[in-house]
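*Asks:* Got a structure for you, questions after.
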Amino acid sequence: MLTTRVIPTDGQAFIAGIDVVRDPARAKRYIGVVPQTNTLDRSLTVLENLEFHGRYFGMRKVEAAARAADLLAQFRLSDRAAAMPSELSGGMAQRLMIARALVHRPEIIFLDEPTSGIDPQTRLALWEILRDLHAAGQTILLTTHYMEEADALCERIAIIDNGAVLAEGTPAELKTRLGAATVVSITFAEDPAQLLDHVGALESVARVEQKDRTIRIHANSVDGQLAEVIALAARHDLHVTDASSQPPTLEAVFLSLTGRDLRE
Amino acid sequence: MTQTAATAIRTPTSRPGGLLQPILALLLRDVRVLRRGFRQFVVRTIMQPLLFCFVFAYVFPKIGQDVGGGRGGPNFATVLVPGLIAVAIIFQGIQSVAIPLTAEFGYTKEIEDRVLAPLPIWAVGLGKIIAGALQAVVAAAVVFPIVLLVHAKGQAPDVSIGNVPLFVVVLLLASVMSASLGLLIGTSFKPQQVPLVFSILVLPMTLLGCIYYPWAFLTPIPWLKYAVLINPLVYMSEGMRASMTPDVGHMSTAMVLLAMVGISIGMALLALRKFRERVVS
């Protein structure tokens, strides 16, 4: 919708103050789009792909050529300037599409699942590119199914399910929304029910729950947590058989918000 | 990764401008692609008219087969010249607009590249019609000397463009019409259906498009004479005939022009609407 290609059933959206539904042609001047699949112009060379995009956006010939050359250098594609897009590897084609999205210096660029189905090296290289762009002041909106990617790259995250925004905030905000920073799980040889109130009273514990012989402690900090609980357990003659602690992941946040049902 | 929504508007590099500049840039892109593949363009454009002229205006007269003349009418070369130019134009509309477009919508998704241009969708479609029409004019220019020069001795076509403005108008209308038809076909069929388009659309259109016979010659078959009027190619051939070989019987010029203007506008509007439907969901 924000890239002007889907007409919303309801509501409004603005980019740089422009209503994307009422004035899509003008809105397109302020956005850059990197689609999920390779949509490069197969009939033009790598360099021409960028040059002509500059010209679509009103640059003069010389200006567009200079901008194209700069971007090719920035994205390490200069030596492929004369190649056709069909001769590029997947990673190169994607870099060229990002360069294409940047030709007219847009306010914001959109990336649609940029790392789905690509190898780990290419993904890391792409992350670097996006971090550099972001550091240089470029606003980026990316969609992804990989929670660790959102966590690693994004300042603000919106979790969307079935067309509705379920939660929005910084990665840290979303994680604390789970109620705690860390989840400590301890399994006992005996029923630990008697321990719950004592553990719940500990200063750093936000919430504690029991399932069979395991208690799950949602704690605000991990420091000394485990030791304290184990000492408590010893005083109540309970024997620990297993203990683990894990920081909450965005994945956990996502699943707790959207449920575990398969999305068809 | 986002800044607040209220960020001050940075002026993008693109100048705020009308539609003209981006459309022009899209045309320049098509010209670049045409120039790169010009040899192929020439070969695919001239083969059919070249072979037709060779067989019907050279071989047949030489071996004593008489086609098209026979009743004291024009020789076959004279009948063929306007018809073959018309068919070259309609082929170009299909080959330069429809076939690439089915691929762009189909497996390459390249259409996404073009519609990023800061234009309303209809303007991107209009750019395709203009580019296709330009290529059709070039195709007509490439074919013209061939249909004029390839013939047996004494079988030269009797061509005289007495009314140049009429010729130019017919040429431009025919080109716009064929490019619009190309856009309509390109937005209506999948790449796998292109062979089907040729057998159910292109073949009947050309064989029943008054290319190899003037419309007036169909009088002995009244039902066919009126049935072919739904074929846009008929008006293109007859328009060419009216402007190039006025001595051969042809449909009234007013009717030809009226039909061509009507069909061009109707087809262009329909094609642009379909184009938009395919791009925006």
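Residue names in the structure tokens use chain letters A, B, ... in the order shown, residue numbers from 1 in each chain, and ligand numbers from 1 in the order shown.
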Name the residues of region 36-217 of chain A that come out as alpha helix (DSSP H) in a backbone DSSP run; write them as a VMD selection string.

*Replies:* chain A and resid 46 to 56 61 to 74 90 to 102 120 to 135 147 to 153 171 to 176 196 to 201

*Asks:* Quick one: which residues from chain A are at most 6 Å off chain B, using only C-alpha atoms, as an MDAnalysis selection string?

*Replies:* chainID A and resid 5:6 16 25 28:29 39 55:58 104:106 139:140 154:156

*Asks:* Emit the selected residues as a short mmCIF file (atom, residue, chain, number, x, y, z; two decimals), in the first residue's frame, including all heavy atoms.

*Replies:*
data_model
loop_
_atom_site.label_atom_id
_atom_site.label_comp_id
_atom_site.auth_asym_id
_atom_site.auth_seq_id
_atom_site.Cartn_x
_atom_site.Cartn_y
_atom_site.Cartn_z
N ARG A 5 0.98 0.35 -4.76
CA ARG A 5 0.56 -0.68 -5.69
C ARG A 5 -0.69 -1.43 -5.25
O ARG A 5 -1.27 -2.17 -6.02
CB ARG A 5 1.70 -1.66 -5.92
CG ARG A 5 2.93 -0.97 -6.48
CD ARG A 5 2.63 -0.47 -7.87
NE ARG A 5 2.21 -1.62 -8.62
CZ ARG A 5 3.05 -2.60 -8.96
NH1 ARG A 5 4.29 -2.52 -8.68
NH2 ARG A 5 2.60 -3.63 -9.62
N VAL A 6 -1.06 -1.26 -3.99
CA VAL A 6 -2.27 -1.90 -3.51
C VAL A 6 -3.18 -0.80 -2.98
O VAL A 6 -2.73 0.08 -2.24
CB VAL A 6 -1.95 -2.90 -2.39
CG1 VAL A 6 -3.22 -3.51 -1.83
CG2 VAL A 6 -1.02 -3.98 -2.88
N ALA A 16 6.09 11.50 3.49
CA ALA A 16 6.60 12.86 3.32
C ALA A 16 5.44 13.84 3.14
O ALA A 16 5.50 14.77 2.34
CB ALA A 16 7.56 12.92 2.13
N ALA A 25 1.58 9.08 -7.84
CA ALA A 25 2.70 9.43 -8.71
C ALA A 25 3.69 10.33 -7.97
O ALA A 25 4.90 10.17 -8.08
CB ALA A 25 2.19 10.12 -9.97
N LYS A 28 5.66 8.44 -5.23
CA LYS A 28 6.73 7.59 -5.74
C LYS A 28 8.07 8.31 -5.81
O LYS A 28 9.12 7.69 -5.82
CB LYS A 28 6.36 7.00 -7.11
CG LYS A 28 5.41 5.83 -7.00
CD LYS A 28 5.29 5.05 -8.29
CE LYS A 28 4.14 5.55 -9.14
NZ LYS A 28 3.88 4.68 -10.31
N ARG A 29 8.02 9.65 -5.87
CA ARG A 29 9.27 10.42 -5.90
C ARG A 29 10.01 10.32 -4.57
O ARG A 29 11.21 10.56 -4.50
CB ARG A 29 8.99 11.89 -6.20
CG ARG A 29 8.52 12.10 -7.61
CD ARG A 29 8.41 13.57 -7.96
NE ARG A 29 8.04 13.73 -9.35
CZ ARG A 29 8.90 13.79 -10.36
NH1 ARG A 29 10.19 13.73 -10.10
NH2 ARG A 29 8.50 13.90 -11.59
N THR A 39 13.57 -7.80 -10.37
CA THR A 39 12.74 -7.09 -11.35
C THR A 39 13.59 -6.13 -12.18
O THR A 39 13.08 -5.16 -12.71
CB THR A 39 11.63 -6.28 -10.66
OG1 THR A 39 12.26 -5.30 -9.82
CG2 THR A 39 10.73 -7.14 -9.83
N ARG A 55 16.88 8.98 -14.86
CA ARG A 55 16.19 9.81 -15.85
C ARG A 55 14.67 9.73 -15.69
O ARG A 55 13.98 10.71 -15.92
CB ARG A 55 16.62 9.40 -17.25
CG ARG A 55 18.14 9.41 -17.35
CD ARG A 55 18.64 9.67 -18.72
NE ARG A 55 18.24 10.98 -19.19
CZ ARG A 55 18.41 11.39 -20.44
NH1 ARG A 55 18.96 10.60 -21.32
NH2 ARG A 55 18.03 12.58 -20.81
N TYR A 56 14.16 8.56 -15.26
CA TYR A 56 12.72 8.50 -14.98
C TYR A 56 12.36 9.55 -13.93
O TYR A 56 11.26 10.09 -13.90
CB TYR A 56 12.30 7.12 -14.43
CG TYR A 56 12.52 5.95 -15.37
CD1 TYR A 56 12.57 4.65 -14.88
CD2 TYR A 56 12.69 6.13 -16.73
CE1 TYR A 56 12.77 3.56 -15.72
CE2 TYR A 56 12.90 5.06 -17.57
CZ TYR A 56 12.95 3.78 -17.06
OH TYR A 56 13.16 2.71 -17.88
N PHE A 57 13.33 9.80 -13.03
CA PHE A 57 13.06 10.74 -11.94
C PHE A 57 13.55 12.15 -12.25
O PHE A 57 13.73 12.95 -11.34
CB PHE A 57 13.68 10.23 -10.63
CG PHE A 57 12.89 9.11 -10.03
CD1 PHE A 57 13.17 7.79 -10.36
CD2 PHE A 57 11.84 9.36 -9.16
CE1 PHE A 57 12.42 6.75 -9.83
CE2 PHE A 57 11.09 8.33 -8.62
CZ PHE A 57 11.38 7.02 -8.96
N GLY A 58 13.75 12.42 -13.51
CA GLY A 58 13.98 13.80 -13.91
C GLY A 58 15.43 14.25 -13.90
O GLY A 58 15.70 15.44 -14.08
N HIS A 104 17.28 8.10 -6.84
CA HIS A 104 16.65 9.42 -6.76
C HIS A 104 16.65 9.97 -5.33
O HIS A 104 15.89 10.88 -5.02
CB HIS A 104 15.25 9.37 -7.34
CG HIS A 104 14.37 8.33 -6.67
ND1 HIS A 104 14.59 6.98 -6.81
CD2 HIS A 104 13.31 8.45 -5.87
CE1 HIS A 104 13.68 6.33 -6.12
NE2 HIS A 104 12.89 7.19 -5.52
N ARG A 105 17.51 9.42 -4.47
CA ARG A 105 17.64 9.86 -3.08
C ARG A 105 16.28 9.95 -2.38
O ARG A 105 15.84 11.02 -1.98
CB ARG A 105 18.34 11.23 -3.02
CG ARG A 105 19.72 11.19 -3.62
CD ARG A 105 20.50 12.44 -3.30
NE ARG A 105 21.88 12.30 -3.72
CZ ARG A 105 22.33 12.61 -4.95
NH1 ARG A 105 21.48 13.08 -5.84
NH2 ARG A 105 23.58 12.46 -5.26
N PRO A 106 15.62 8.81 -2.21
CA PRO A 106 14.28 8.83 -1.62
C PRO A 106 14.33 9.08 -0.11
O PRO A 106 15.36 8.86 0.52
CB PRO A 106 13.75 7.43 -1.92
CG PRO A 106 14.97 6.58 -2.01
CD PRO A 106 16.05 7.45 -2.56
N THR A 139 16.25 6.36 5.99
CA THR A 139 15.14 5.65 6.62
C THR A 139 14.86 4.39 5.82
O THR A 139 14.77 4.43 4.61
CB THR A 139 13.88 6.53 6.64
OG1 THR A 139 14.21 7.77 7.25
CG2 THR A 139 12.77 5.85 7.40
N ILE A 140 14.73 3.28 6.54
CA ILE A 140 14.51 2.00 5.86
C ILE A 140 13.34 1.29 6.51
O ILE A 140 13.24 1.26 7.74
CB ILE A 140 15.76 1.09 5.96
CG1 ILE A 140 16.99 1.80 5.37
CG2 ILE A 140 15.54 -0.24 5.26
CD1 ILE A 140 18.30 1.06 5.60
N CYS A 154 16.70 -3.47 13.41
CA CYS A 154 15.65 -2.45 13.44
C CYS A 154 15.62 -1.63 14.72
O CYS A 154 15.85 -2.14 15.81
CB CYS A 154 14.29 -3.10 13.23
SG CYS A 154 14.21 -3.92 11.64
N GLU A 155 15.32 -0.35 14.55
CA GLU A 155 15.11 0.52 15.70
C GLU A 155 13.69 0.38 16.22
O GLU A 155 13.44 0.45 17.41
CB GLU A 155 15.34 1.98 15.30
CG GLU A 155 16.80 2.38 15.35
CD GLU A 155 16.98 3.81 14.92
OE1 GLU A 155 15.98 4.48 14.57
OE2 GLU A 155 18.12 4.26 14.92
N ARG A 156 12.77 0.28 15.27
CA ARG A 156 11.37 0.10 15.67
C ARG A 156 10.80 -1.07 14.90
O ARG A 156 11.07 -1.26 13.72
CB ARG A 156 10.56 1.36 15.37
CG ARG A 156 10.64 2.40 16.48
CD ARG A 156 9.99 3.68 16.04
NE ARG A 156 8.55 3.59 15.97
CZ ARG A 156 7.82 4.33 15.10
NH1 ARG A 156 8.41 5.14 14.27
NH2 ARG A 156 6.52 4.23 15.10
#

*Asks:* Work out how far apart CA of Ile118 (chain A) and CA of Ala150 (chain A) are and give it in Å to one decimal.

*Replies:* 16.1 Å

*Asks:* Within 10 Å of Ile185 (chain B), counting only C-alpha atoms, which residues qualify if same-chain residues fewer than 2 places away don't, as a VMD selection string?

*Replies:* chain B and resid 93 to 94 97 to 99 101 to 102 179 to 183 187 to 190 194 197 201 271 274

*Asks:* Identify, on the basis of only C-alpha atoms, every residue whose closest approach to Tyr226 (chain B) does not exceed 12 Å; exclude the query and any residue fewer than 6 positions from it along the same chain; express the result as number ranges by chain.

*Replies:* B: 208-210, 215-216, 218-220, 234

*Asks:* Excluding Pro246 (chain B) and any residue of its chain fewer than 4 positions from it, enumerate the residues within 10 Å of it, using only C-alpha atoms, and give them as a ChimeraX atom specification.

*Replies:* /B:158-163,238-242,250

*Asks:* Would you save the residues from that selection as a compact mmCIF listing (two decimals), in the first residue's frame, using all heavy atoms?

*Replies:*
# COMPACT_ATOMS: atom_id res chain seq x y z
N ASP B 158 2.07 -0.08 -58.89
CA ASP B 158 1.72 1.27 -59.32
C ASP B 158 1.39 2.10 -58.09
O ASP B 158 0.25 2.20 -57.67
CB ASP B 158 0.51 1.16 -60.27
CG ASP B 158 0.07 2.52 -60.77
OD1 ASP B 158 0.87 3.48 -60.65
OD2 ASP B 158 -1.06 2.62 -61.28
N VAL B 159 2.42 2.66 -57.47
CA VAL B 159 2.25 3.38 -56.22
C VAL B 159 2.49 4.87 -56.42
O VAL B 159 3.49 5.26 -57.02
CB VAL B 159 3.24 2.86 -55.14
CG1 VAL B 159 3.17 3.72 -53.88
CG2 VAL B 159 2.93 1.41 -54.80
N SER B 160 1.58 5.67 -55.95
CA SER B 160 1.83 7.12 -55.99
C SER B 160 1.14 7.76 -54.78
O SER B 160 -0.07 7.71 -54.65
CB SER B 160 1.28 7.73 -57.28
OG SER B 160 -0.11 7.55 -57.34
N ILE B 161 1.97 8.27 -53.90
CA ILE B 161 1.40 8.91 -52.72
C ILE B 161 1.07 10.34 -53.09
O ILE B 161 1.87 11.26 -52.92
CB ILE B 161 2.38 8.84 -51.54
CG1 ILE B 161 2.72 7.38 -51.25
CG2 ILE B 161 1.75 9.48 -50.28
CD1 ILE B 161 3.76 7.18 -50.17
N GLY B 162 -0.10 10.50 -53.66
CA GLY B 162 -0.50 11.83 -54.11
C GLY B 162 -0.85 12.71 -52.92
O GLY B 162 -0.47 13.89 -52.85
N ASN B 163 -1.55 12.10 -51.96
CA ASN B 163 -2.04 12.86 -50.82
C ASN B 163 -1.16 12.56 -49.60
O ASN B 163 -1.45 11.66 -48.82
CB ASN B 163 -3.50 12.46 -50.57
CG ASN B 163 -4.17 13.39 -49.58
OD1 ASN B 163 -3.49 14.12 -48.85
ND2 ASN B 163 -5.50 13.35 -49.55
N GLU B 238 -7.03 -0.60 -46.03
CA GLU B 238 -7.80 0.25 -46.94
C GLU B 238 -7.33 1.70 -46.86
O GLU B 238 -7.32 2.42 -47.86
CB GLU B 238 -9.28 0.15 -46.63
CG GLU B 238 -9.89 -1.18 -47.02
CD GLU B 238 -9.90 -1.39 -48.55
OE1 GLU B 238 -10.51 -0.56 -49.24
OE2 GLU B 238 -9.28 -2.36 -49.03
N GLY B 239 -6.94 2.14 -45.66
CA GLY B 239 -6.42 3.50 -45.50
C GLY B 239 -5.11 3.66 -46.27
O GLY B 239 -4.89 4.67 -46.97
N MET B 240 -4.25 2.65 -46.17
CA MET B 240 -3.00 2.68 -46.93
C MET B 240 -3.29 2.72 -48.43
O MET B 240 -2.66 3.44 -49.19
CB MET B 240 -2.17 1.42 -46.61
CG MET B 240 -1.52 1.43 -45.24
SD MET B 240 -0.23 2.67 -45.19
CE MET B 240 0.01 2.83 -43.44
N ARG B 241 -4.27 1.89 -48.81
CA ARG B 241 -4.65 1.84 -50.23
C ARG B 241 -5.13 3.21 -50.69
O ARG B 241 -4.75 3.69 -51.76
CB ARG B 241 -5.77 0.80 -50.38
CG ARG B 241 -5.57 -0.13 -51.54
CD ARG B 241 -6.32 -1.43 -51.36
NE ARG B 241 -5.38 -2.52 -51.15
CZ ARG B 241 -5.54 -3.49 -50.27
NH1 ARG B 241 -6.62 -3.53 -49.52
NH2 ARG B 241 -4.62 -4.41 -50.17
N ALA B 242 -5.99 3.83 -49.90
CA ALA B 242 -6.55 5.13 -50.28
C ALA B 242 -5.44 6.16 -50.48
O ALA B 242 -5.54 7.04 -51.33
CB ALA B 242 -7.53 5.61 -49.21
N HIS B 250 -11.06 1.29 -53.28
CA HIS B 250 -10.88 1.21 -51.83
C HIS B 250 -12.10 1.78 -51.12
O HIS B 250 -12.91 2.49 -51.71
CB HIS B 250 -9.62 1.95 -51.40
CG HIS B 250 -9.63 3.41 -51.80
ND1 HIS B 250 -10.32 4.35 -51.08
CD2 HIS B 250 -9.06 4.05 -52.84
CE1 HIS B 250 -10.17 5.53 -51.67
NE2 HIS B 250 -9.41 5.37 -52.75

*Asks:* Would you list the contacts of Asp79 (chain A) as a VMD selection string, taking every protein, DNA or RNA residue within 12 Å and counting only C-alpha atoms, but skipping same-chain residues closer than 4 positions in sequence?

*Replies:* chain A and resid 46 to 47 69 72 to 75 83 88 92

*Asks:* Print the selection's residues with N, CA, C and O atoms to a file, as a compact mmCIF listing (two decimals), in the first residue's frame.

*Replies:*
# COMPACT_ATOMS: atom_id res chain seq x y z
N VAL A 46 23.80 -3.21 -16.52
CA VAL A 46 23.78 -2.88 -15.09
C VAL A 46 23.80 -1.35 -14.91
O VAL A 46 22.98 -0.77 -14.20
N LEU A 47 24.75 -0.71 -15.61
CA LEU A 47 24.87 0.75 -15.51
C LEU A 47 23.61 1.44 -16.00
O LEU A 47 23.09 2.36 -15.36
N ALA A 69 27.26 5.86 -11.62
CA ALA A 69 28.63 5.42 -11.41
C ALA A 69 28.97 5.42 -9.92
O ALA A 69 29.60 4.48 -9.42
N LEU A 72 27.29 2.40 -8.29
CA LEU A 72 27.95 1.15 -8.65
C LEU A 72 29.21 0.97 -7.81
O LEU A 72 29.50 -0.13 -7.32
N ALA A 73 29.95 2.08 -7.60
CA ALA A 73 31.15 2.01 -6.79
C ALA A 73 30.78 1.67 -5.35
O ALA A 73 31.38 0.79 -4.72
N GLN A 74 29.76 2.36 -4.83
CA GLN A 74 29.35 2.13 -3.45
C GLN A 74 28.93 0.68 -3.21
O GLN A 74 29.19 0.12 -2.15
N PHE A 75 28.30 0.08 -4.21
CA PHE A 75 27.80 -1.29 -4.03
C PHE A 75 28.72 -2.33 -4.68
O PHE A 75 28.30 -3.45 -4.96
N ALA A 83 27.75 -5.43 -17.79
CA ALA A 83 27.10 -6.73 -17.84
C ALA A 83 25.59 -6.58 -17.95
O ALA A 83 25.03 -5.53 -17.64
N LEU A 88 24.36 -11.58 -13.53
CA LEU A 88 24.69 -11.29 -12.14
C LEU A 88 24.29 -12.44 -11.22
O LEU A 88 23.31 -13.14 -11.48
N MET A 92 24.47 -10.00 -6.19
CA MET A 92 24.77 -8.80 -6.98
C MET A 92 23.48 -8.15 -7.48
O MET A 92 23.33 -6.92 -7.43

*Asks:* Which residues are near Ile85 (chain B)? Cut-off 9 Å, only C-alpha atoms, ignore same chain within fewer than 3 positions. Put them as a list in words.

*Replies:*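 Result of the neighbour search: Pro49, Leu80, Val81, Pro82, Ala88, Ile89, Ile90, Ala139, Ala140, Ala141, Val143, Phe144, Val147, Ile211, Ser237 and Met240 of chain B.
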
*Asks:* Keeping only N, CA and C atoms, take the residues you just selected and write them out as an mmCIF file, in the first residue's frame.

*Replies:*
data_model
loop_
_atom_site.group_PDB
_atom_site.id
_atom_site.type_symbol
_atom_site.label_atom_id
_atom_site.label_comp_id
_atom_site.auth_asym_id
_atom_site.auth_seq_id
_atom_site.Cartn_x
_atom_site.Cartn_y
_atom_site.Cartn_z
ATOM 1 N N PRO B 49 7.281 -9.661 -45.479
ATOM 2 C CA PRO B 49 7.007 -8.930 -46.726
ATOM 3 C C PRO B 49 7.979 -9.283 -47.851
ATOM 4 N N LEU B 80 -0.542 -5.647 -53.127
ATOM 5 C CA LEU B 80 0.237 -6.078 -51.958
ATOM 6 C C LEU B 80 0.898 -4.935 -51.190
ATOM 7 N N VAL B 81 1.404 -3.924 -51.907
ATOM 8 C CA VAL B 81 2.204 -2.889 -51.241
ATOM 9 C C VAL B 81 1.505 -2.285 -50.011
ATOM 10 N N PRO B 82 0.304 -1.711 -50.170
ATOM 11 C CA PRO B 82 -0.324 -1.128 -48.965
ATOM 12 C C PRO B 82 -0.657 -2.180 -47.922
ATOM 13 N N ALA B 88 2.854 -5.130 -41.622
ATOM 14 C CA ALA B 88 4.114 -4.887 -40.908
ATOM 15 C C ALA B 88 3.843 -4.045 -39.664
ATOM 16 N N ILE B 89 2.943 -3.085 -39.808
ATOM 17 C CA ILE B 89 2.610 -2.208 -38.681
ATOM 18 C C ILE B 89 1.906 -2.992 -37.567
ATOM 19 N N ILE B 90 0.937 -3.815 -37.947
ATOM 20 C CA ILE B 90 0.191 -4.547 -36.916
ATOM 21 C C ILE B 90 1.094 -5.587 -36.228
ATOM 22 N N ALA B 139 9.054 0.353 -38.630
ATOM 23 C CA ALA B 139 8.842 -0.891 -39.376
ATOM 24 C C ALA B 139 8.278 -0.590 -40.759
ATOM 25 N N ALA B 140 7.319 0.334 -40.824
ATOM 26 C CA ALA B 140 6.729 0.696 -42.122
ATOM 27 C C ALA B 140 7.804 1.255 -43.043
ATOM 28 N N ALA B 141 8.699 2.076 -42.482
ATOM 29 C CA ALA B 141 9.767 2.677 -43.286
ATOM 30 C C ALA B 141 10.741 1.626 -43.795
ATOM 31 N N VAL B 143 10.015 -1.557 -44.348
ATOM 32 C CA VAL B 143 9.347 -2.465 -45.282
ATOM 33 C C VAL B 143 9.079 -1.792 -46.634
ATOM 34 N N PHE B 144 8.873 -0.483 -46.582
ATOM 35 C CA PHE B 144 8.446 0.241 -47.781
ATOM 36 C C PHE B 144 9.333 -0.009 -49.005
ATOM 37 N N VAL B 147 8.860 -3.727 -50.446
ATOM 38 C CA VAL B 147 7.636 -4.053 -51.188
ATOM 39 C C VAL B 147 7.584 -3.284 -52.502
ATOM 40 N N ILE B 211 -5.471 -7.592 -46.915
ATOM 41 C CA ILE B 211 -4.069 -7.323 -47.243
ATOM 42 C C ILE B 211 -3.780 -7.791 -48.660
ATOM 43 N N SER B 237 -5.390 -1.438 -43.915
ATOM 44 C CA SER B 237 -5.044 -1.764 -45.303
ATOM 45 C C SER B 237 -5.739 -0.808 -46.277
ATOM 46 N N MET B 240 -4.252 2.651 -46.175
ATOM 47 C CA MET B 240 -2.998 2.679 -46.927
ATOM 48 C C MET B 240 -3.286 2.717 -48.428
#

*Asks:* Let me make sure I understand: among B:Ala131, B:Ala152, B:Arg39, B:Leu270, which one has the smallest atom-to-atom distance to Val55 (chain B) if we use only C-alpha atoms?

*Replies:*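 Closest candidate: B:Ala152.
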
*Asks:* Which is closest to Pro100 (chain B) among B:Met244, B:Phe52, B:Gly186, B:Val59, if we use only C-alpha atoms?

*Replies:*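 Ranked by minimum distance to Pro100 (chain B), first place goes to B:Gly186.
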
*Asks:* Expressed in Å to a single decimal, how great is the separation between CA of Val43 (chain B) and CA of Pro204 (chain B)?

*Replies:* 23.2 Å

*Asks:* Between B:Met255, B:Leu184, B:Leu149, B:Val138, which one has atoms that come closest to Arg278 (chain B), using only C-alpha atoms?

*Replies:*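 When distances to Arg278 (chain B) are compared using only C-alpha atoms, the smallest one comes from B:Leu184.
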
*Asks:* When distances are computed from only C-alpha atoms, which of A:His218, A:Arg60, A:Arg100, A:Arg67 shows the smallest separation from Arg177 (chain A)?

*Replies:*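 Of A:His218, A:Arg60, A:Arg100, A:Arg67, the one nearest Arg177 (chain A) is A:His218, counting only C-alpha atoms.
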
*Asks:* I'd like the interatomic distance between CA of Val169 (chain B) and CA of Ile129 (chain B), to a tenth of an Å.

*Replies:*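 CA of Val169 (chain B) sits 16.6 Å away from CA of Ile129 (chain B).
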